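Take a look at the structure below.
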Amino acid sequence: MLQINNLNLIKRGTNQILLQDFSFALNKGDKIALISEEGNGKSSLLKTIINKEAVDDYLIVTGDITTSHIVGYLPQFLENQEQSIQTYFKNYQDYEFIKYFNEFKIDIMDYNRPLNSLSGGEKIKLQIIKLLLKDPDFLLLDEPSNDLDIETLEWLESFINSFEGGILFVSHDEVLLENCANGIIHIEQLIKKTKPKHSIHKLDYKSYVLKRQELYDRNMMIASKQREDYKEKMEKYTQILQKVHHAQSTITRQDPSTGRLLKKKMRSVISTGKRFEREKEDFLEIPDQEESIIAKFEASVNVPQGKTLLDLKLDKLTIGNKVLSNDIELLIKGPTKIGIIGQNGSGKSTLLRIIKDNIISDSVGYMPQNYQETLDMNLDAVSFIHPYQDKTLIRKFLGAMKFTHQEMESPIGNLSGGQQAKILFLKMVYDKNDVLVLDEPTRNFSPLSNPEIRKALKEFNGCIISVSHDRKYLKEVCDKVLNLDKNGLVSVLK
Ligand SMILES: Nc1ncnc2c1ncn2[C@@H]1O[C@H](COP(=O)(O)OP(=O)(O)O)[C@@H](O)[C@H]1O
Ligand SMILES: [Mg+2]
């Protein structure tokens, strides 16, 4: 068993509390998903479980962690990628790991290749193999599903499901969460990131999302009702108070008995008022949810049906002198929504950049995979979205998307990937772009924010050309899915 008792994680310097009084046990057969918005401490928690000292430079850790078994840990970022595969497995005999290479269907050919020459899928498989070589009872996996193509995602799902021990894993992929998790840990930062909250649920992901929404709706209803009733009562109360007050001020000294009566009445009115105030203290808090809300795209954005937006013919798609694909043809008319899929390294982002440069429209919004391509990392969000107009409106939008004032003013380069993605979205909304070219638009959002992003993109009236591995996004937002491989772009059934 892996047991955590009363764990507290506090950031040095700012004293922000990431986790407070967290207790949890991971058992055999558990497949627990750890979910949160970015920066709430998922990676920090996993690192702490493995080795408290690893986080010592930025966290104050108190509480107990007991592990009586072998725990394998897959970090969010693979280090030392210059080393060769042979070096990566240097503590093992060839036959030990090659057995898994065959089982996991990876064909490496040359074991002297550096790790960074492998595809995202191959890298994950290699890391998992190295963990399995220790015969672990528990696995901690930090975002293993990032940057995987759909085939490898499906492989990962079956790996998680068939592993006999317990797994605690971080993932943003909702389909993977739905298919694998039998429990959820949700870490939140409420009230503008000042109040930590965590909750543990013995539920699958779909049931959790449903339960959470129901609870939110119910609490919101009760909280609003309490406040409405209070307002009504207080209005009546004020009227009565004024009446008694008025009566008191007009009464003559010749009528002491009415005076006494009014005094008594006043006392009782005031005590009723005090009771209302006390009741108010027990009101349910207006529920706070941390998920992203993306500003709505303007309904006025419009692309006429049948208008040609792209007529692309490429004999060859190349990177450097490497030919990735041949005979690519893509004709796009009207407000279509297209999703492009393909294996890691098939050239999707390169193709998307060419597509962006060939769109026939002067209002194209572009979200690259690497945000530095378009975001000016030294500017603050407000100035980037528009240098001089409507600062108040932009601030209002950013506030609705859960930016704190400090985050609105700090250089974009200091913000998290999720926040940078929101800024790019907001710019497209603000610029009223009619064609959006998006490279993995959902990849930096938490699984609970993603439904909001999909909703906004689904309701968008213009044209979208995107690359994605997010199966929910492809299904719900895209009208058409195209697969890129060396033979070109071919439509696939959704
Ligand atoms: N090595 C580090 N040094 C300083 N601060 C860090 C470091 N790693 C993470 N943090 C901070 O700790 C908080 C939690 O981060 P992290 O655990 O990476 O969150 P998550 O994995 O949920 O995105 C964030 O505020 C982050 O900026
Ligand atoms: Mg992380």
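Here's how to read the names in the structure tokens: chain A, B, ... by the order shown, residue numbers from 1 in each chain, ligand numbers from 1 in the order shown.
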
query = Would you name the residues within 9 Å of ligand 2, counting only C-alpha atoms and all ligand atoms, and put them as a PyMOL selection string?
reply = chain A and resi 38-44+75-77+142-143+170

task = Return as number ranges by chain every polymer residue, whether protein, DNA or RNA, with at least one atom no more than 10 Å from an atom of ligand 1; count only C-alpha atoms and all ligand atoms.
result = A: 9-14, 16-19, 34-48, 54-59, 76, 142-143, 170, 187-188, 414-418, 446

Based on the backbone DSSP call, show me all residues of stretch 13-156 of chain A assigned helix (DSSP H, G or I), as a CSV table (one decimal) with N, CA and C atoms, in the first residue's frame.
chain,number,residue,atom,x,y,z
A,42,LYS,N,-0.1,19.1,-9.1
A,42,LYS,CA,-0.1,17.7,-9.4
A,42,LYS,C,1.3,17.1,-9.4
A,43,SER,N,2.1,17.7,-10.3
A,43,SER,CA,3.5,17.2,-10.4
A,43,SER,C,4.2,17.3,-9.1
A,44,SER,N,4.0,18.4,-8.3
A,44,SER,CA,4.6,18.5,-7.0
A,44,SER,C,4.2,17.4,-6.1
A,45,LEU,N,3.0,17.0,-6.1
A,45,LEU,CA,2.5,15.9,-5.2
A,45,LEU,C,3.2,14.6,-5.6
A,46,LEU,N,3.2,14.3,-6.9
A,46,LEU,CA,3.9,13.0,-7.3
A,46,LEU,C,5.4,13.0,-6.9
A,47,LYS,N,6.0,14.2,-7.2
A,47,LYS,CA,7.4,14.3,-6.8
A,47,LYS,C,7.7,14.1,-5.3
A,48,THR,N,6.8,14.7,-4.5
A,48,THR,CA,6.9,14.6,-3.1
A,48,THR,C,6.7,13.1,-2.6
A,49,ILE,N,5.8,12.4,-3.2
A,49,ILE,CA,5.6,11.0,-2.8
A,49,ILE,C,6.9,10.2,-3.1
A,50,ILE,N,7.5,10.5,-4.2
A,50,ILE,CA,8.8,9.7,-4.5
A,50,ILE,C,9.9,10.1,-3.6
A,52,LYS,N,10.7,13.5,-0.9
A,52,LYS,CA,10.4,14.8,-0.4
A,52,LYS,C,11.5,15.8,-0.7
A,53,GLU,N,12.8,15.3,-0.7
A,53,GLU,CA,13.9,16.3,-0.9
A,53,GLU,C,13.9,16.9,-2.3
A,54,ALA,N,13.3,16.2,-3.3
A,54,ALA,CA,13.3,16.7,-4.6
A,54,ALA,C,12.5,18.1,-4.8
A,55,VAL,N,11.6,18.3,-3.8
A,55,VAL,CA,10.8,19.6,-3.9
A,55,VAL,C,11.3,20.6,-2.8
A,85,ILE,N,19.6,5.0,-26.4
A,85,ILE,CA,18.7,4.0,-25.8
A,85,ILE,C,19.5,3.0,-25.0
A,86,GLN,N,20.6,2.6,-25.5
A,86,GLN,CA,21.5,1.7,-24.9
A,86,GLN,C,21.9,2.2,-23.5
A,87,THR,N,22.3,3.5,-23.4
A,87,THR,CA,22.7,4.1,-22.1
A,87,THR,C,21.5,4.2,-21.2
A,88,TYR,N,20.3,4.5,-21.7
A,88,TYR,CA,19.1,4.6,-20.9
A,88,TYR,C,18.8,3.3,-20.2
A,94,ASP,N,20.3,-6.7,-22.4
A,94,ASP,CA,19.5,-6.5,-23.6
A,94,ASP,C,18.3,-7.3,-23.6
A,95,TYR,N,18.4,-8.6,-23.3
A,95,TYR,CA,17.3,-9.5,-23.5
A,95,TYR,C,16.1,-9.0,-22.6
A,96,GLU,N,16.4,-8.4,-21.4
A,96,GLU,CA,15.4,-8.0,-20.5
A,96,GLU,C,14.4,-7.0,-21.1
A,97,PHE,N,15.0,-5.9,-21.7
A,97,PHE,CA,14.2,-4.9,-22.2
A,97,PHE,C,13.7,-5.2,-23.7
A,98,ILE,N,14.5,-5.9,-24.4
A,98,ILE,CA,14.0,-6.2,-25.8
A,98,ILE,C,12.7,-7.0,-25.8
A,99,LYS,N,12.6,-7.8,-24.8
A,99,LYS,CA,11.3,-8.6,-24.6
A,99,LYS,C,10.1,-7.6,-24.7
A,100,TYR,N,10.2,-6.5,-23.9
A,100,TYR,CA,9.1,-5.6,-23.9
A,100,TYR,C,9.0,-4.8,-25.2
A,101,PHE,N,10.1,-4.5,-25.8
A,101,PHE,CA,10.1,-3.8,-27.1
A,101,PHE,C,9.2,-4.6,-28.1
A,102,ASN,N,9.3,-5.9,-28.1
A,102,ASN,CA,8.5,-6.7,-28.9
A,102,ASN,C,7.0,-6.7,-28.5
A,103,GLU,N,6.9,-6.8,-27.2
A,103,GLU,CA,5.5,-6.8,-26.6
A,103,GLU,C,4.8,-5.5,-26.9
A,115,LEU,N,17.6,9.4,-27.3
A,115,LEU,CA,16.2,9.4,-27.0
A,115,LEU,C,15.4,10.5,-27.8
A,116,ASN,N,16.1,11.6,-28.0
A,116,ASN,CA,15.3,12.7,-28.6
A,116,ASN,C,15.0,12.5,-30.1
A,117,SER,N,15.5,11.4,-30.6
A,117,SER,CA,15.2,11.0,-32.0
A,117,SER,C,13.9,10.2,-32.1
A,120,GLY,N,7.0,10.8,-29.8
A,120,GLY,CA,6.4,10.9,-28.4
A,120,GLY,C,5.9,9.6,-27.9
A,121,GLY,N,5.3,8.8,-28.7
A,121,GLY,CA,4.8,7.5,-28.3
A,121,GLY,C,5.9,6.5,-27.9
A,122,GLU,N,6.9,6.5,-28.7
A,122,GLU,CA,8.1,5.6,-28.4
A,122,GLU,C,8.7,6.0,-27.1
A,123,LYS,N,8.8,7.3,-26.9
A,123,LYS,CA,9.5,7.8,-25.6
A,123,LYS,C,8.7,7.3,-24.4
A,124,ILE,N,7.4,7.4,-24.5
A,124,ILE,CA,6.5,7.0,-23.3
A,124,ILE,C,6.7,5.5,-23.1
A,125,LYS,N,6.6,4.7,-24.2
A,125,LYS,CA,6.7,3.3,-24.1
A,125,LYS,C,8.1,2.9,-23.5
A,126,LEU,N,9.1,3.6,-23.9
A,126,LEU,CA,10.5,3.3,-23.3
A,126,LEU,C,10.5,3.5,-21.8
A,127,GLN,N,9.9,4.7,-21.4
A,127,GLN,CA,9.9,5.0,-20.0
A,127,GLN,C,9.1,4.0,-19.2
A,128,ILE,N,8.0,3.6,-19.8
A,128,ILE,CA,7.2,2.6,-19.0
A,128,ILE,C,8.0,1.3,-18.9
A,129,ILE,N,8.7,0.9,-20.0
A,129,ILE,CA,9.4,-0.3,-20.0
A,129,ILE,C,10.5,-0.3,-18.8
A,130,LYS,N,11.1,0.9,-18.7
A,130,LYS,CA,12.2,1.0,-17.7
A,130,LYS,C,11.5,0.9,-16.3
A,131,LEU,N,10.3,1.4,-16.1
A,131,LEU,CA,9.6,1.2,-14.9
A,131,LEU,C,9.3,-0.3,-14.6
A,132,LEU,N,8.8,-0.9,-15.7
A,132,LEU,CA,8.4,-2.3,-15.5
A,132,LEU,C,9.5,-3.3,-15.2
A,150,ILE,N,-3.3,9.0,-31.6
A,150,ILE,CA,-4.5,8.2,-31.1
A,150,ILE,C,-4.2,6.8,-30.8
A,151,GLU,N,-3.4,6.2,-31.7
A,151,GLU,CA,-3.0,4.8,-31.6
A,151,GLU,C,-2.3,4.5,-30.3
A,152,THR,N,-1.3,5.4,-30.0
A,152,THR,CA,-0.6,5.2,-28.7
A,152,THR,C,-1.4,5.5,-27.5
A,153,LEU,N,-2.4,6.4,-27.6
A,153,LEU,CA,-3.3,6.7,-26.5
A,153,LEU,C,-4.1,5.4,-26.2
A,154,GLU,N,-4.6,4.8,-27.3
A,154,GLU,CA,-5.3,3.5,-27.0
A,154,GLU,C,-4.5,2.5,-26.4
A,155,TRP,N,-3.2,2.4,-26.8
A,155,TRP,CA,-2.3,1.4,-26.2
A,155,TRP,C,-2.1,1.8,-24.7
A,156,LEU,N,-1.9,3.0,-24.4
A,156,LEU,CA,-1.7,3.5,-23.0
A,156,LEU,C,-3.0,3.1,-22.2

key: Given only C-alpha atoms as the counted atoms, nearest of A:Ile341, A:Met367, A:Val71, A:Val435 to A:Leu148   = A:Ile341

inquiry  = Between A:Asn370, A:Ser23, A:Thr350, A:Asn302, which residue has the minimum interatomic distance to A:His198, considering only C-alpha atoms?
reply    =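 Once distances to A:His198 are computed over only C-alpha atoms, the minimum belongs to A:Ser23.
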
request  = Mind giving me the straight-line distance from atom CA of A:Asn27 to atom CA of A:Met1 in Å, one decimal?
outcome  =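 Going from atom CA of A:Asn27 over to atom CA of A:Met1, I get 5.4 Å.
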
task = With a distance cut-off of 8 Å and only C-alpha atoms, select the neighbouring residues of A:Thr62, excluding the residue or stretch itself and same-chain residues fewer than 4 positions from it, and output the selection as JSON, numbers by chain.
result = {"A": [6, 7, 8, 9]}

inquiry  = What's around A:Ser162 at 12 Å? Count only C-alpha atoms, leave out sequence neighbours fewer than 5 positions away in its own chain, and write the answer as a list in words.
reply    =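 Answer for this query is Lys28, Gly29, Asp30, Lys31, Trp155, Leu156, Glu157, Ile167, Asn179 and Cys180 of chain A.
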
Selection export as a PDB file, in the first residue's frame, atoms kept: C-alpha atoms:
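Done, and the output landed in result.pdb:
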ATOM      1  CA  LYS A  28      -3.792  -2.632  -5.658  1.00  0.00           C
ATOM      2  CA  GLY A  29      -6.148  -2.286  -8.611  1.00  0.00           C
ATOM      3  CA  ASP A  30      -6.744   1.417  -8.024  1.00  0.00           C
ATOM      4  CA  LYS A  31      -6.468   3.551 -11.145  1.00  0.00           C
ATOM      5  CA  TRP A 155      -2.267   1.448 -26.209  1.00  0.00           C
ATOM      6  CA  LEU A 156      -1.745   3.463 -23.016  1.00  0.00           C
ATOM      7  CA  GLU A 157      -5.360   2.911 -21.999  1.00  0.00           C
ATOM      8  CA  ILE A 167      -1.697   3.578 -10.562  1.00  0.00           C
ATOM      9  CA  ASN A 179     -11.784   4.636 -19.981  1.00  0.00           C
ATOM     10  CA  CYS A 180      -9.264   4.114 -17.167  1.00  0.00           C
TER      11      CYS A 180
END

From a backbone DSSP assignment, name each residue in stretch 147-311 of chain A labelled strand (DSSP E or B), as a PDB file with C-alpha atoms, in the first residue's frame.
ATOM      1  CA  GLY A 166      -2.222   0.534  -8.353  1.00  0.00           C
ATOM      2  CA  ILE A 167      -1.697   3.578 -10.562  1.00  0.00           C
ATOM      3  CA  LEU A 168      -1.960   7.263  -9.708  1.00  0.00           C
ATOM      4  CA  PHE A 169      -1.855   9.242 -12.934  1.00  0.00           C
ATOM      5  CA  VAL A 170      -2.220  12.758 -14.285  1.00  0.00           C
ATOM      6  CA  GLY A 183     -11.232   7.078  -8.709  1.00  0.00           C
ATOM      7  CA  ILE A 184     -10.586  10.808  -8.928  1.00  0.00           C
ATOM      8  CA  ILE A 185      -8.520  13.232  -6.870  1.00  0.00           C
ATOM      9  CA  HIS A 186      -9.361  16.826  -7.723  1.00  0.00           C
ATOM     10  CA  ILE A 187      -7.132  19.672  -6.520  1.00  0.00           C
ATOM     11  CA  GLU A 188      -8.521  23.194  -6.746  1.00  0.00           C
ATOM     12  CA  GLN A 189      -7.483  26.729  -5.862  1.00  0.00           C
ATOM     13  CA  LYS A 195      -8.056  28.861  -0.913  1.00  0.00           C
ATOM     14  CA  PRO A 196      -6.873  25.296  -1.555  1.00  0.00           C
ATOM     15  CA  LYS A 197      -9.402  22.510  -1.794  1.00  0.00           C
ATOM     16  CA  HIS A 198      -9.048  18.839  -2.572  1.00  0.00           C
ATOM     17  CA  SER A 199     -11.576  16.076  -2.867  1.00  0.00           C
ATOM     18  CA  ILE A 200     -11.287  12.337  -3.363  1.00  0.00           C
ATOM     19  CA  HIS A 201     -14.000  10.340  -5.109  1.00  0.00           C
ATOM     20  CA  THR A 308     -13.459  29.192 -51.077  1.00  0.00           C
ATOM     21  CA  LEU A 309     -11.070  29.697 -48.178  1.00  0.00           C
ATOM     22  CA  LEU A 310      -8.309  27.330 -49.208  1.00  0.00           C
ATOM     23  CA  ASP A 311      -7.338  25.579 -52.385  1.00  0.00           C
TER      24      ASP A 311
END

Gap from atom CA of A:Ser346 to atom CA of A:Ser325 - Å, one decimal = 7.8 Å

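Interatomic distance, atom CA of A:Arg471 against atom CA of A:Glu298: 25.9 Å.
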
Write out as a PDB file with C-alpha atoms, in the first residue's frame which residues come within 12 Å of A:Phe403 when counting only C-alpha atoms, dropping same-chain ones fewer than 5 positions away.
ATOM      1  CA  ILE A 191     -11.295  32.432  -4.496  1.00  0.00           C
ATOM      2  CA  LYS A 192      -8.690  33.813  -6.898  1.00  0.00           C
ATOM      3  CA  LYS A 193      -6.245  31.088  -5.965  1.00  0.00           C
ATOM      4  CA  GLU A 290     -12.021  27.139 -10.962  1.00  0.00           C
ATOM      5  CA  GLU A 291     -12.545  25.983 -14.523  1.00  0.00           C
ATOM      6  CA  SER A 292     -11.826  28.190 -17.483  1.00  0.00           C
ATOM      7  CA  ILE A 293     -14.581  30.106 -19.069  1.00  0.00           C
ATOM      8  CA  ILE A 294     -13.678  31.121 -22.555  1.00  0.00           C
ATOM      9  CA  ASP A 380       1.430  41.685 -20.599  1.00  0.00           C
ATOM     10  CA  ALA A 381      -1.830  40.046 -21.694  1.00  0.00           C
ATOM     11  CA  VAL A 382      -3.842  43.266 -22.008  1.00  0.00           C
ATOM     12  CA  ILE A 394     -10.125  43.239 -22.104  1.00  0.00           C
ATOM     13  CA  ARG A 395      -9.592  43.146 -18.350  1.00  0.00           C
ATOM     14  CA  LYS A 396     -13.195  42.110 -17.900  1.00  0.00           C
ATOM     15  CA  PHE A 397     -12.745  39.217 -20.343  1.00  0.00           C
ATOM     16  CA  LEU A 398      -9.509  38.142 -18.665  1.00  0.00           C
ATOM     17  CA  MET A 408      -3.038  40.312 -16.209  1.00  0.00           C
ATOM     18  CA  GLU A 409      -0.084  42.579 -15.595  1.00  0.00           C
ATOM     19  CA  SER A 410       2.826  40.156 -15.595  1.00  0.00           C
ATOM     20  CA  ILE A 412       3.084  36.594 -20.778  1.00  0.00           C
ATOM     21  CA  LEU A 415       2.323  32.566 -17.262  1.00  0.00           C
ATOM     22  CA  SER A 416       1.419  28.894 -17.580  1.00  0.00           C
ATOM     23  CA  GLY A 418      -3.031  27.138 -20.134  1.00  0.00           C
ATOM     24  CA  GLN A 419      -3.086  30.866 -19.516  1.00  0.00           C
ATOM     25  CA  GLN A 420      -1.085  31.571 -22.662  1.00  0.00           C
ATOM     26  CA  LYS A 422      -6.469  31.549 -23.137  1.00  0.00           C
ATOM     27  CA  ILE A 423      -4.770  34.770 -24.234  1.00  0.00           C
TER      28      ILE A 423
END

key: Nearby residues (only C-alpha atoms) at most 6 Å from stretch 375-378 of chain A, same-chain spacing under 2 positions excluded, as a PyMOL selection string   = chain A and resi 371-372+411-413

Hey, can you spit out that residue selection with C-alpha atoms as a PDB file, in the first residue's frame?
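Generated file (selection.pdb):
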ATOM      1  CA  TYR A 371       3.036  29.703 -28.436  1.00  0.00           C
ATOM      2  CA  GLN A 372       6.269  31.672 -28.764  1.00  0.00           C
ATOM      3  CA  PRO A 411       4.783  39.359 -18.786  1.00  0.00           C
ATOM      4  CA  ILE A 412       3.084  36.594 -20.778  1.00  0.00           C
ATOM      5  CA  GLY A 413       6.313  34.569 -20.580  1.00  0.00           C
TER       6      GLY A 413
END
